[in-house]
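Down below is the structure, laid out as structure tokens.
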Protein chains: 6
Amino acid sequence: MATLGFIEYKDASPEVRAVYDDIMATRKTDWINNFWKAIANDPALLKRTWEDIKQIMAPGALDPLTKEMLYVAVSVSNQCDYCIASHTVSAQKKGMTDQMFKELMAVVAMANETNRLSAGYQVEIDEQFKSDGWT
Amino acid sequence: MATLGFIEYKDASPEVRAVYDDIMATRKTDWINNFWKAIANDPALLKRTWEDIKQIMAPGALDPLTKEMLYVAVSVSNQCDYCIASHTVSAQKKGMTDQMFKELMAVVAMANETNRLSAGYQVEIDEQFKSDGWT
Amino acid sequence: MATLGFIEYKDASPEVRAVYDDIMATRKTDWINNFWKAIANDPALLKRTWEDIKQIMAPGALDPLTKEMLYVAVSVSNQCDYCIASHTVSAQKKGMTDQMFKELMAVVAMANETNRLSAGYQVEIDEQFKSDGWT
Amino acid sequence: MATLGFIEYKDASPEVRAVYDDIMATRKTDWINNFWKAIANDPALLKRTWEDIKQIMAPGALDPLTKEMLYVAVSVSNQCDYCIASHTVSAQKKGMTDQMFKELMAVVAMANETNRLSAGYQVEIDEQFKSDGWT
Amino acid sequence: MATLGFIEYKDASPEVRAVYDDIMATRKTDWINNFWKAIANDPALLKRTWEDIKQIMAPGALDPLTKEMLYVAVSVSNQCDYCIASHTVSAQKKGMTDQMFKELMAVVAMANETNRLSAGYQVEIDEQFKSDGWT
Amino acid sequence: MATLGFIEYKDASPEVRAVYDDIMATRKTDWINNFWKAIANDPALLKRTWEDIKQIMAPGALDPLTKEMLYVAVSVSNQCDYCIASHTVSAQKKGMTDQMFKELMAVVAMANETNRLSAGYQVEIDEQFKSDGWT
């Protein structure tokens with residue numbers, strides 16, 4: 001079991017339950033996944049993390065599916081098993097098709113490859129890529 | 001300068017020039033950035049990498065801008081300065097607005113945060129996230 | 001310059017200025033470092049990040065200096081140049097002596113070494129280390 | 001089982017047994033965890049690693065608990081499952097309370113987040129953070 | 001099971017079978033390991049990855065065993081469990097003795113240690129190490 | 001300059017000088033690179049690190065050049081600029097030709113790519129790759 005165990009809904013404080021309720025309402029599901037039940041041991045962290053994620057993953061200039069795929073891309077680069085598993089499912093629920101998943105993986109793999117080539121060949125940054133606050 | 005120096009167009013072999021020409025034609029630019037000039041020391045690598053990237057970054061189920069932002073997401077997670085600089089510019093050229101960049105950064109930062117929370121709290125993967133080949 | 005440039009105090013919106021003022025008051029300094037001026041392009045991110053950091057880095061069961069050294073440890077493992085530079089100075093301001101810095105570095109280096117030994121030798125987790133929610 | 005298997009005490013050479021004995025005496029336990037039994041296949045590595053750790057983790061300007069929490073911070077950033085499991089238990093044995101663990105996690109997660117923000121926004125290091133050997 | 005499940009030989013398209021056949025012929029084995037069966041869901045990725053690996057891992061200025069050990073070194077640094085397991089076996093089949101494995105691990109661990117010391121101590125690159133294209 | 005500055009030979013304690021002398025004698029050079037001058041602020045670390053490296057990098061079942069290339073492979077995966085610069089030069093001094101460097105880079109890049117594919121596709125480890133202590 002997780003380091004400090006899981007906080008189940010029935011055992012949760014009102015503060016934690018309020019977050020759980022909001023997670024389920026926002027995601028239109030009736031269960032809470034282990035990540036939240038683990039960090040609920042720290043109610044302030046639970047609340048802060050959920051509110052940050054809710055704000056960040058909401059529709060904006062980028063749609064929720066694109067954001068979810070970005071989440072998968074980072075999780076794969078970091079070799080985070082839990083995050084790969086959970087965010088892949090989330091992305092699928094938001095509409096990621098198998099074809100989109102395949103292209104996502106291909107880009108992530110390629111980026112990890114060329115990241116090391118540029119480091120290993122000690123490539124200097126081109127003047128053209130140096131920004132000057134081009135807002 | 002890069003480890004093995006740069007191969008400029010005027011000094012390049014016909015094999016390397018062919019790749020350079022294709023890069024410039026595909027990208028509709030008239031210059032070659034340092035990354036390619038560095039790895040051109042290994043013409044087989046240059047050709048293979050360019051052809052892979054050309055195939056992977058082409059429009060598909062994901063559009064080129066989304067792919068470019070995924071590239072940025074990975075490069076930022078890996079702390080690859082060159083790749084961050086070059087792919088941020090590429091994404092901007094493909095239409096990434098400042099607002100999109102900001103949302104991209106917020107997601108990448110958040111993912112790096114929760115990746116460590118799930119690892120640090122030693123969270124087990126929920127049964128619901130275990131895949132069974134749901135094609 | 002940073003990707004979207006820096007937001008200087010004189011050019012900042014009231015919303016951003018309020019965060020800047022709080023940073024300076026909290027840290028008892030009269031300047032804002034580049035990190036904040038860069039992410040101030042996204043006022044929501046600026047506010048959220050500052051409030052999270054302020055809450056997280058405040059005295060608690062761990063004192064601020066210990067927290068700052070943990071920040072350095074992570075930044076060094078991630079090879080983040082900016083963060084190493086800034087948090088090393090912050091730790092020094094909070095009382096980190098040269099001797100403490102040296103011991104911090106030795107631990108970080110050692111941990112990075114044994115992390116790879118345990119991965120490379122494919123060491124299974126001992127039953128004794130598997131948690132059962134030992135609160 | 002680990003790549004080269006485990007060297008149990010009863011099968012160990014006198015050289016390896018001497019290290020095992022010292023580990024158990026130093027830690028006041030009567031068992032050896034898998035990490036040591038795995039790297040004992042390389043007695044020189046076993047001896048060197050143990051002696052380094054013993055020296056590095058001993059009380060100094062930083063106390064053993066702080067050092068152990070730094071170890072956890074690095075292991076979490078590196079996503080090293082074995083190291084997270086073992087060093088979390090070690091830290092608990094040295095006095096890490098649940099509250100301290102929670103604050104540790106919050107700092108590690110936050111640092112991983114801002115490490116990527118500073119990289120992604122391409123923030124230059126402030127002059128004030130550039131060191132000049134301020135011993 | 002893997003995200004999109006595995007493509008078994010009997011269910012594979014002619015395109016995928018051709019790659020499987022080449023893998024088995026090249027490696028002189030009669031089975032296909034999970035990695036290939038997982039990425040075979042994307043036949044273009046399967047073909048590209050196999051052809052790249054076949055070309056890259058072939059004898060050249062570096063012999064296949066050295067290349068395989070480099071593969072292990074990277075996989076260990078990245079904490080990639082699957083890759084550590086599979087490439088360690090591959091290296092053993094190509095002649096890596098236990099003694100070679102032990103030295104490989106020692107170097108990888110040491111490199112991960114000094115990588116962080118140079119970052120943490122903020123060591124500038126010596127003029128003597130700056131390249132000028134010394135072909 | 002580095003965090004705690006550099007310890008030059010003329011200012012060094014006898015203990016540090018002894019290590020410097022051994023480094024120069026072992027490497028048959030007449031200068032000390034910045035890495036050592038930076039960590040010399042912690043004489044115990046300097047001595048321990050040098051003795052470990054001297055032992056680990058010495059000829060064994062793997063020759064010094066192979067070991068140096070493994071060092072480069074790890075440093076590139078970790079995006080450690082200083083280590084890439086210094087160990088690339090070291091490898092060249094030990095006989096790494098341009099062709100060997102190119103093949104080294106190709107393997108490192110490829111490994112970083114497939115590391116993420118196996119993580120992203122959530123590939124289970126084949127039974128055939130699970131070790132049972134095959135000494």
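Chain lettering (A, B, ...) mirrors the order of the structure tokens, residue numbering begins at 1 for each chain separately, and ligand numbering begins at 1 in order of display.
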Exercise for review: Can you check which residues of chain B have any atom within 9 Å of chain D? Use only C-alpha atoms and format it as a PyMOL selection string.
Suggested key: chain B and resi 72-73+75-81+84-85+88+105-106+108-117+119-122
Only C-alpha atoms, please: the residues just picked out, written as a PDB file, in the first residue's frame.
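The resulting file, again.pdb, is reproduced below:
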ATOM      1  CA  VAL B  72       8.686  21.214 -26.310  1.00  0.00           C
ATOM      2  CA  ALA B  73       7.083  19.398 -23.367  1.00  0.00           C
ATOM      3  CA  SER B  75      12.556  18.946 -24.048  1.00  0.00           C
ATOM      4  CA  VAL B  76      11.571  20.989 -21.014  1.00  0.00           C
ATOM      5  CA  SER B  77      11.234  17.889 -18.844  1.00  0.00           C
ATOM      6  CA  ASN B  78      14.687  16.807 -19.991  1.00  0.00           C
ATOM      7  CA  GLN B  79      16.196  20.269 -19.421  1.00  0.00           C
ATOM      8  CA  CYS B  80      17.618  20.314 -22.976  1.00  0.00           C
ATOM      9  CA  ASP B  81      18.458  23.980 -23.608  1.00  0.00           C
ATOM     10  CA  ILE B  84      13.752  24.116 -25.807  1.00  0.00           C
ATOM     11  CA  ALA B  85      15.054  27.101 -27.760  1.00  0.00           C
ATOM     12  CA  THR B  88       9.738  26.815 -29.009  1.00  0.00           C
ATOM     13  CA  MET B 105       4.212  25.410 -19.577  1.00  0.00           C
ATOM     14  CA  ALA B 106       1.600  25.119 -16.832  1.00  0.00           C
ATOM     15  CA  VAL B 108       4.381  20.500 -18.133  1.00  0.00           C
ATOM     16  CA  ALA B 109       5.201  21.947 -14.712  1.00  0.00           C
ATOM     17  CA  MET B 110       2.158  20.342 -13.116  1.00  0.00           C
ATOM     18  CA  ALA B 111       2.928  16.955 -14.646  1.00  0.00           C
ATOM     19  CA  ASN B 112       6.459  17.074 -13.309  1.00  0.00           C
ATOM     20  CA  GLU B 113       5.050  17.846  -9.886  1.00  0.00           C
ATOM     21  CA  THR B 114       2.482  15.056  -9.722  1.00  0.00           C
ATOM     22  CA  ASN B 115       4.892  12.568 -11.290  1.00  0.00           C
ATOM     23  CA  ARG B 116       6.982  12.929  -8.131  1.00  0.00           C
ATOM     24  CA  LEU B 117       4.040  12.917  -5.753  1.00  0.00           C
ATOM     25  CA  ALA B 119       6.366   8.170  -6.893  1.00  0.00           C
ATOM     26  CA  GLY B 120       7.087   9.611  -3.469  1.00  0.00           C
ATOM     27  CA  TYR B 121       3.804   8.465  -1.944  1.00  0.00           C
ATOM     28  CA  GLN B 122       4.405   5.071  -3.577  1.00  0.00           C
TER      29      GLN B 122
END
Check your understanding: Do you know which residues are at most 10 Å from Thr66 (chain D) counting only C-alpha atoms, after dropping those on the same chain fewer than 2 positions away, and could you put them as a list in words?
Key ->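 My reading of the contact set: Leu62, Thr66, Lys67, Met69, Leu70 and Leu104 of chain C; Met57, Pro59, Leu62, Asp63, Pro64, Glu68, Met69, Leu70, Tyr71, Val72, Ala91, Lys94, Gly95 and Met96 of chain D.
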Check your understanding: Could you write out, as a VMD selection string, all the residues of region 4-86 of chain A that DSSP marks as alpha helix (DSSP H)?
Key -> chain A and resid 14 to 27 34 to 39 43 to 57 64 to 77 81 to 86
Review point. What is the CA of Val89 (chain A) to CA of Phe129 (chain B) distance in Å?
Key: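 If I compute the distance from CA of Val89 (chain A) to CA of Phe129 (chain B), I get 6.4 Å.
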Check your understanding: What is the distance, in Å and to one decimal place, between CA of Lys28 (chain E) and CA of Ala58 (chain E)?
Key -> 14.3 Å
Point to revise | Shell of 8 Å around Ala61 (chain F), only C-alpha atoms, local chain residues under 3 positions omitted, as a list in words | key: Gln99, Met100 and Glu103 of chain E
**Study point:** Test item: residues at most 8 Å from region 42-44 of chain E, only C-alpha atoms, excluding those fewer than 4 positions along its chain, as a PyMOL selection string
**Key:** (chain A and resi 102) or (chain E and resi 15-16+48)
